[in-house]
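Everything below belongs to structure.txt, which stores compact mmCIF, C-alpha atoms.
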```txt
# COMPACT_ATOMS: atom_id res chain seq x y z
CA MET O 19 3.58 -53.30 14.28
CA ALA O 20 7.15 -52.33 13.39
CA ASP O 21 9.66 -51.93 16.18
CA ASN O 22 10.23 -48.23 15.53
CA GLU O 23 6.56 -47.24 15.51
CA PRO O 24 5.35 -45.71 18.77
CA THR O 25 2.64 -47.44 20.75
CA PRO O 26 -0.71 -45.64 21.06
CA GLU O 27 0.29 -44.70 24.63
CA GLN O 28 3.63 -43.22 23.47
CA GLU O 29 1.82 -41.38 20.68
CA ALA O 30 -0.73 -39.93 23.12
CA ALA O 31 2.06 -38.89 25.50
CA ALA O 32 3.94 -37.19 22.65
CA ARG O 33 0.78 -35.30 21.59
CA ALA O 34 0.12 -34.25 25.22
CA LYS O 35 3.74 -33.04 25.63
CA GLU O 36 3.48 -31.13 22.34
CA ALA O 37 0.17 -29.52 23.42
CA GLN O 38 1.66 -28.55 26.79
CA GLU O 39 4.74 -26.99 25.13
CA GLN O 40 2.59 -25.04 22.66
CA ALA O 41 0.25 -23.82 25.43
CA ALA O 42 3.27 -22.47 27.36
CA LEU O 43 4.31 -20.21 24.47
CA PRO O 44 3.58 -16.47 24.98
CA TYR O 45 1.64 -16.47 21.68
CA LYS O 46 -0.82 -18.66 19.82
CA TRP O 47 -0.29 -19.71 16.22
CA THR O 48 -2.05 -21.52 13.41
CA GLN O 49 -1.07 -22.29 9.85
CA THR O 50 -2.30 -23.40 6.48
CA ILE O 51 0.00 -24.78 3.81
CA ALA O 52 0.39 -21.22 2.41
CA ASP O 53 0.49 -18.95 5.47
CA LEU O 54 0.91 -18.69 9.21
CA ASP O 55 -0.96 -16.54 11.75
CA ILE O 56 0.37 -15.53 15.17
CA THR O 57 -1.70 -13.89 17.92
CA LEU O 58 -0.12 -12.04 20.87
CA THR O 59 -2.19 -10.66 23.75
CA VAL O 60 -1.24 -7.17 24.97
CA PRO O 61 -2.85 -4.72 27.47
CA GLY O 62 -6.03 -3.04 26.20
CA ASN O 63 -4.71 0.52 26.64
CA LEU O 64 -1.97 0.10 24.01
CA LYS O 65 -2.02 1.61 20.53
CA GLY O 66 -0.11 0.56 17.42
CA ARG O 67 2.61 3.12 18.12
CA ASP O 68 3.29 1.41 21.47
CA LEU O 69 4.28 -1.81 19.72
CA ILE O 70 7.28 -3.03 17.78
CA VAL O 71 6.55 -5.52 15.00
CA GLN O 72 9.36 -6.32 12.58
CA ILE O 73 8.80 -8.92 9.88
CA GLN O 74 11.88 -9.79 7.82
CA ARG O 75 12.38 -12.54 5.26
CA GLN O 76 13.80 -14.96 7.88
CA LYS O 77 13.32 -13.11 11.20
CA ILE O 78 10.47 -11.83 13.34
CA LYS O 79 10.35 -9.58 16.38
CA ALA O 80 7.16 -8.42 18.10
CA GLY O 81 6.25 -6.96 21.47
CA VAL O 82 5.66 -3.81 23.48
CA LYS O 83 8.22 -1.01 23.06
CA GLY O 84 10.55 -0.73 26.05
CA GLN O 85 9.93 -4.33 27.14
CA ASP O 86 11.47 -7.66 26.17
CA PRO O 87 9.92 -8.88 22.89
CA ILE O 88 7.12 -11.42 23.18
CA ILE O 89 8.47 -13.20 20.10
CA ASP O 90 11.97 -12.70 18.70
CA GLY O 91 13.96 -15.06 16.54
CA ASP O 92 14.81 -16.65 13.24
CA LEU O 93 12.00 -18.09 11.17
CA PRO O 94 12.52 -21.72 10.09
CA HIS O 95 11.66 -20.78 6.49
CA ALA O 96 11.41 -17.60 4.43
CA VAL O 97 8.32 -15.40 4.25
CA SER O 98 7.17 -12.90 1.66
CA THR O 99 7.51 -9.61 3.57
CA GLU O 100 5.41 -7.68 1.02
CA ASP O 101 2.40 -9.90 1.71
CA SER O 102 2.90 -10.31 5.47
CA THR O 103 0.94 -7.94 7.73
CA TRP O 104 -0.04 -7.20 11.32
CA THR O 105 -3.05 -5.61 12.97
CA LEU O 106 -4.06 -4.60 16.51
CA THR O 107 -7.61 -5.57 17.45
CA SER O 108 -9.68 -5.22 20.63
CA SER O 109 -10.69 -8.39 22.45
CA PRO O 110 -13.97 -8.85 24.39
CA ASP O 111 -12.04 -9.26 27.67
CA GLY O 112 -10.60 -5.72 27.48
CA THR O 113 -7.18 -6.76 26.19
CA LYS O 114 -5.95 -6.31 22.67
CA ALA O 115 -4.57 -8.83 20.20
CA VAL O 116 -1.64 -8.30 17.85
CA GLU O 117 -2.50 -10.47 14.86
CA ILE O 118 0.50 -11.20 12.64
CA HIS O 119 -0.05 -12.79 9.25
CA LEU O 120 3.03 -14.35 7.61
CA ASP O 121 2.80 -15.25 3.94
CA LYS O 122 5.06 -18.27 3.39
CA ALA O 123 7.54 -17.98 0.51
CA ASN O 124 7.22 -21.73 -0.09
CA LYS O 125 3.50 -22.43 -0.10
CA MET O 126 4.01 -26.17 -0.11
CA GLU O 127 5.46 -26.86 3.35
CA TRP O 128 4.29 -27.05 6.94
CA TRP O 129 6.29 -25.31 9.64
CA ALA O 130 7.24 -27.23 12.80
CA HIS O 131 7.52 -23.97 14.79
CA VAL O 132 7.29 -20.19 14.36
CA VAL O 133 10.85 -19.41 15.46
CA THR O 134 13.73 -21.86 15.48
CA THR O 135 14.15 -21.63 19.28
CA ALA O 136 10.53 -22.64 20.00
CA PRO O 137 9.36 -26.21 20.67
CA THR O 138 8.34 -28.05 17.51
CA ILE O 139 5.15 -29.79 16.49
CA ASP O 140 5.00 -33.04 14.53
CA VAL O 141 4.07 -31.79 11.06
CA THR O 142 3.31 -35.35 9.91
CA LYS O 143 0.22 -35.25 12.17
CA ILE O 144 -1.26 -32.15 10.50
CA GLN O 145 -4.57 -32.84 8.82
CA PRO O 146 -5.00 -30.23 6.10
CA GLU O 147 -8.44 -28.97 5.32
CA ASN O 148 -9.91 -30.10 2.03
CA SER O 149 -9.52 -27.61 -0.75
CA LYS O 150 -11.73 -27.00 -3.76
CA LEU O 151 -10.49 -27.04 -7.33
CA SER O 152 -11.69 -23.45 -7.62
CA ASP O 153 -9.19 -22.45 -4.89
CA LEU O 154 -6.24 -23.50 -7.06
CA ASP O 155 -4.43 -21.31 -9.56
CA GLY O 156 -5.06 -22.05 -13.25
CA GLU O 157 -1.96 -24.13 -13.94
CA THR O 158 -2.30 -26.28 -10.79
CA ARG O 159 -6.02 -26.70 -11.39
CA GLY O 160 -5.39 -27.89 -14.96
CA MET O 161 -2.81 -30.40 -13.76
CA VAL O 162 -5.14 -31.76 -11.03
CA GLU O 163 -8.08 -32.02 -13.47
CA LYS O 164 -5.87 -33.92 -15.94
CA MET O 165 -4.75 -36.31 -13.19
CA MET O 166 -8.36 -36.88 -12.12
CA TYR O 167 -9.42 -37.50 -15.76
CA ASP O 168 -6.55 -39.97 -16.28
CA GLN O 169 -7.44 -41.79 -13.05
CA ARG O 170 -11.09 -42.15 -14.15
CA GLN O 171 -9.97 -43.38 -17.59
CA LYS O 172 -7.67 -45.99 -16.02
CA GLU O 173 -10.45 -47.20 -13.72
CA ARG O 174 -12.69 -47.69 -16.77
CA GLY O 175 -9.93 -49.43 -18.73
CA LEU O 176 -9.88 -46.57 -21.26
CA PRO O 177 -6.83 -44.72 -22.62
CA THR O 178 -5.40 -41.87 -20.56
CA SER O 179 -4.83 -38.42 -22.06
CA GLU O 180 -1.20 -39.41 -22.75
CA ASP O 181 -2.29 -42.64 -24.47
CA GLN O 182 -4.80 -40.67 -26.57
CA LYS O 183 -2.11 -38.16 -27.54
CA LYS O 184 0.19 -40.99 -28.71
CA ALA O 185 -2.65 -42.61 -30.67
CA ASP O 186 -3.46 -39.27 -32.35
CA ILE O 187 0.20 -38.79 -33.35
CA LEU O 188 0.34 -42.32 -34.80
CA LYS O 189 -2.93 -41.79 -36.70
CA LYS O 190 -1.67 -38.50 -38.13
CA PHE O 191 1.61 -40.18 -39.15
CA GLN O 192 -0.32 -43.01 -40.84
CA GLU O 193 -2.43 -40.50 -42.77
CA GLN O 194 0.70 -38.67 -43.92
CA HIS O 195 2.34 -41.95 -45.02
CA PRO O 196 -0.36 -44.14 -46.63
CA GLU O 197 2.36 -46.11 -48.45
CA MET O 198 3.52 -47.65 -45.14
CA ASP O 199 1.83 -50.77 -43.76
CA PHE O 200 1.05 -50.54 -40.02
CA SER O 201 -1.19 -53.63 -39.85
CA ASN O 202 1.34 -55.68 -37.87
CA ALA O 203 2.78 -52.82 -35.80
CA LYS O 204 2.58 -53.14 -32.02
CA ILE O 205 2.70 -49.78 -30.27
CA ASN O 206 2.96 -49.54 -26.45
```
Now that the file is in, can you turn its structure into structure tokens?
Amino acid sequence: MADNEPTPEQEAAARAKEAQEQAALPYKWTQTIADLDITLTVPGNLKGRDLIVQIQRQKIKAGVKGQDPIIDGDLPHAVSTEDSTWTLTSSPDGTKAVEIHLDKANKMEWWAHVVTTAPTIDVTKIQPENSKLSDLDGETRGMVEKMMYDQRQKERGLPTSEDQKKADILKKFQEQHPEMDFSNAKIN
């Protein structure tokens, strides 16, 4: 084990400290690679008009009007305000939940915290859920399918799509120039 790697005990202590810090926050939050959801608990007698929820590109503020905000600060990364929303829902215990959905502007990064003043989590420990090819947009899906095809071809010792493209170009060139002799040519 390298000197700078934590021992299993240090790792467990760091995870326990992180869990304790997150549990102490006045809100709960979860994230996927593309978005982040925050849940605040408020008294059950409140209505939407009793709340203040402001979602800006790099700031968030949410809470009960006339009281200190439950969450207020700078976001660590930008969000798409047009696609970010909030709702007020009733909970079984008689309270209500303010559910805030933030659509990340960069859908390829994990956030270490919701606001920059909050304790961070170790994003290297996040285990993303498996995604299906059908969940991907067309361009990304095409790229992933090509990579998978090339990987299978390499495993079988067959030419990749790039190798096939080069061979097709060479064949076409040879057909256009029958006067040239390619018998001793070595093409990589």
One residue among O:His131, O:Lys122, O:Arg67, O:Lys83 is nearest to Lys46 (chain O) when using only C-alpha atoms, and that residue is O:His131
Could you list, as a ChimeraX atom specification, every residue within 7 Å of Ile56 (chain O), counting all atoms listed in the file and ignoring same-chain residues fewer than 3 positions away? /O:45-48,117-119
Applying 8 Å and all atoms listed in the file, which residues near Asp92 (chain O) remain after dropping the ones on its own chain fewer than 4 positions away? List them as a PDB file with C-alpha atoms, in the frame of the given file.
```
ATOM      1  CA  GLN O  76      13.800 -14.960   7.880  1.00  0.00           C
ATOM      2  CA  LYS O  77      13.320 -13.110  11.200  1.00  0.00           C
ATOM      3  CA  ILE O  78      10.470 -11.830  13.340  1.00  0.00           C
ATOM      4  CA  VAL O 133      10.850 -19.410  15.460  1.00  0.00           C
ATOM      5  CA  THR O 134      13.730 -21.860  15.480  1.00  0.00           C
ATOM      6  CA  THR O 135      14.150 -21.630  19.280  1.00  0.00           C
TER       7      THR O 135
END
```
